[in-house]
Amino acid sequence: MKKNLLFFSLFIFSSFFQLFSQNGLENPVQWEFKTEKINDSVAELQFIATIKDKWHLYSQHHTGMEIPLSFEFKTSSNYKRLGKVWEPKAKVFYDPVFEDTTLYFDKKVTFKQKIQVFTNEPFEIKGELSGQACIEGRCVAIDRNFAFSVSGFEAINVVFAQEDVIAGENDVIDEDLPFVEGDFADNEVHTSEESLLLFFLVAILGGLVGLLMPCVFPMIPMTISYFLKMGSKTKAYALFFGVSIVVIFLLLGILLSVIFGADFANIISTHWFPNILFAAIFVIFAFSLFGYFEIALPSSWINKSAKMESTGGLIGVFFVALTLVLVSFSCTLPIAGAVALNSADGSFLKPIIGMLGFSLGIAVPFTLFAFFPSMLKTMPKSGGWMNTLKVLLAFVELAFALKFLNVPDQTYGWRLLDREVYLAFWIVIFAMMGFYLMGKIRFPHDEEMPVQKSWLRLTLAIFTFAYVVYLIPGMFGAPLKAISGWLPPMTTQDFDISKIVREETASFSGASTDQSEWEKPRYADKLHLPHGIFGYFDLDQALRVAKKTHRPVFVDFTGHGCVNCRNVESVVWADPRVRAKFAKEFVVVAKYVDDKVIKLHPEDIVLDNNGEPITMLGKKAMFYEQHKFRENSQPAYFIIDIDGSVLAGPIYYELNVENYLKFLEEGVRLFNEKHGN
């Protein structure tokens with residue numbers, strides 16, 4: 001944290017120094033831009049950076065406060081980028097004082113971007129690069145335009161990008177093998193933006209719910225009366241009060257980002273320890289909301305903050321906000337904690353966005369009441385309804401705790417929480433929630449209240465029991481598409497009526513596929529594809545079968561803990577047309593990148609970039625995805641040729657069956673064109 005603040009301060013200082021310097025701008029990095037022709041339709045753009053002595057330029061992949069290098073290209077119909085900007089291996093510096101690692105370059109470095117050219121007419125590629133270069137004691141922002149002249153190419157009609165290839169049977173893994181990229185690369189950005197927006201809105205909703213908690217809601221009139229005594233300064237101080245609440249929670253979000261960072265997403269999505277820890281935290285939160293005990297901060301903290309309120313002025317108002325946050329800790333922590341824990345598996349910005357949304361949900365109503373005190377008359381009176389809300393949230397948090405337990409259970413193959421067991425817990429939890437709403441169950445802080453006096457409780461009870469009824473068929477194999485992403489995969493279902501009917505129908509009609517010419521899938525004793533789809537779990541084996549059967553390979557980069565993967569499988573793969581295409585036109589391979597248990601057969605072991613053997617199936621899948629397909633997200637779907645070159649993809653979280661079928665058809669079309677079928 002100290003290092004980040006230090007670099008941020010240095011960056012601000014250096015920016016002002018450059019702006020007002022009488023000796024001109026510091027320019028520690030000189031750039032040269034060259035265009036190299038690879039073949040008749042592919043070119044390589046080279047960004048050659050010459051760095052002054054003792055200066056260093058940060059990598060594209062740096063995640064700290066120092067500004068990473070980035071490249072922005074102006075779109076044009078004359079070309080298409082093939083993959084991302086490549087950079088050589090960066091130097092690594094570990095600072096034991098700040099306990100942080102920095103990736104950087106010095107002296108001279110070349111960044112490369114391959115492009116597919118679509119015209120034989122000369123044209124220019126323009127854009128902007130930005131980043132940061134530093135020397136001991138100061139930093140300089142790098143910001144400049146670039147332009148490449150491109151000419152001497154032949155126009156083409158079909159995109160066949162060449163960048164990277166997958167190692168097949170007995171192939172040597174090589175970073176310079178050819179790679180083909182399709183036209184489906186924009187979904188990931190939109191999905192990421194949509195998920196962050198949705199998370200922000202959910203965080204705001206969490207703040208509004210936190211406002212209704214018993215330790216927060218009664219404080220509204222007391223806090224507003226504090227501001228009404230300030231006369232003409234009421235609105236200004238009230239606005240500062242709201243801003244102070246946001247700042248306090250934002251500081252928490254920044255702290256979470258520094259602790260977790262963007263790299264924590266992979267850890268939480270695979271490792272057993274953080275998932276079990278978070279599940280335990282949710283259970284503790286739930287029992288606290290039930291009223292069995294309270295999670296409270298030391299009273300000395302609250303007392304010290306309350307004493308500072310008498311200081312007056314803006315400082316006093318800030319400590320009023322801090323006291324509110326500290327006092328409400330026992331009620332709002334389970335909600336704020338839920339927001340925080342769910343932000344830990346996202347980007348560096350996600351915890352900050354989560355805390356911003358949560359704080360706005362609390363701060364804005366306080367500020368509005370201070371601006372318009374007459375609104376206080378419309379507020380409902382404090383009462384037992386606030387404790388009812390707490391208990392309902394407790395049931396939801398208990399159910400949500402199972403989500404974290406499900407990840408390591410699937411990843412490590414424990415099989416303690418198969419689909420039926422998971423659903424049984426949810427059915428019991430939500431059934432108890434319904435009985436609570438009906439007044440059949442009481443908790444320590446509940447008051448006697450006949451349910452017939454509350455139409456809202458009755459309505460909620462009806463919806464809760466309806467949800468329980470919806471869950472029950474899942475015990476017998478119903479897909480439950482609306483929530484399938486939150487459940488263990490169908491392959492863990494012991495009793496699946498639809499599977500039994502499907503197998504019996506195939507056996508009776510003689511429609512079962514003859515797989516005699518295919519290899520028996522390795523690792524199928526521990527891994528399964530949904531909906532009875534036949535496929536493989538190692539890409540090398542799938543490529544061997546593809547060469548024998550002369551079919552393209554459908555590659556599914558997935559994970560045991562991948563919620564979006566389960567959604568695609570339940571919504572799209574369940575469609576008979578998709579399953580038919582898989583069976584008749586593809587060799588299907590599922591690559592579980594988060595598997596921690598399955599060891600590779602000796603003949604499936606490969607070497608990583610350092611020459612070290614990869615012996616685990618999950619690590620091999622992750623290595624192929626990151627270093628051969630230039631991807632690291634799940635789900636990610638590719639269609640590749642028998643030589644390992646990519647024909648189409650990737651596509652990501654696509655729930656439209658028609659779009660998915662178009663993707664499959666495009667892959668088959670390109671395969672047939674390439675092989676003259």
# chains A, B, ... in the order shown; residues from 1 in each chain; ligands from 1
$ residues_around --residues "His528 of chain A" --least-positions-apart "2" --cutoff "10 Å" --atoms "only C-alpha atoms" --output "list of chain:residue names"
A:Pro489, A:Met490, A:Thr491, A:Thr492, A:Pro521, A:Tyr523, A:Ala524, A:Asp525, A:Lys526, A:Pro530, A:His531, A:Gly532, A:Ile533, A:Phe534, A:Gly535, A:Tyr536, A:Phe537, A:Ala590
$ residues_around --residues "segment 402-417 of chain A" --least-positions-apart "6" --cutoff "9 Å" --atoms "only C-alpha atoms" --output "number ranges by chain"
A: 268-279, 425-426, 486-489, 492, 526, 559-562, 592, 594-598
$ closest_residue --among "A:Phe249, A:Phe400, A:Tyr292, A:Trp385" --to "Gly361 of chain A" --atoms "only C-alpha atoms"
A:Phe249
$ atom_distance --atom1 "atom CA of Glu36 of chain A" --atom2 "atom CA of Ile642 of chain A"
29.1 Å
$ residues_around --residues "Val578 of chain A" --least-positions-apart "5" --cutoff "10 Å" --atoms "only C-alpha atoms" --output "PyMOL selection string"
chain A and resi 572-573+583+657-658+660-661+664
$ atom_distance --atom1 "atom CA of Glu397 of chain A" --atom2 "atom CA of Ala286 of chain A"
5.7 Å
$ atom_distance --atom1 "atom CA of Ser359 of chain A" --atom2 "atom CA of Gly384 of chain A"
24.9 Å
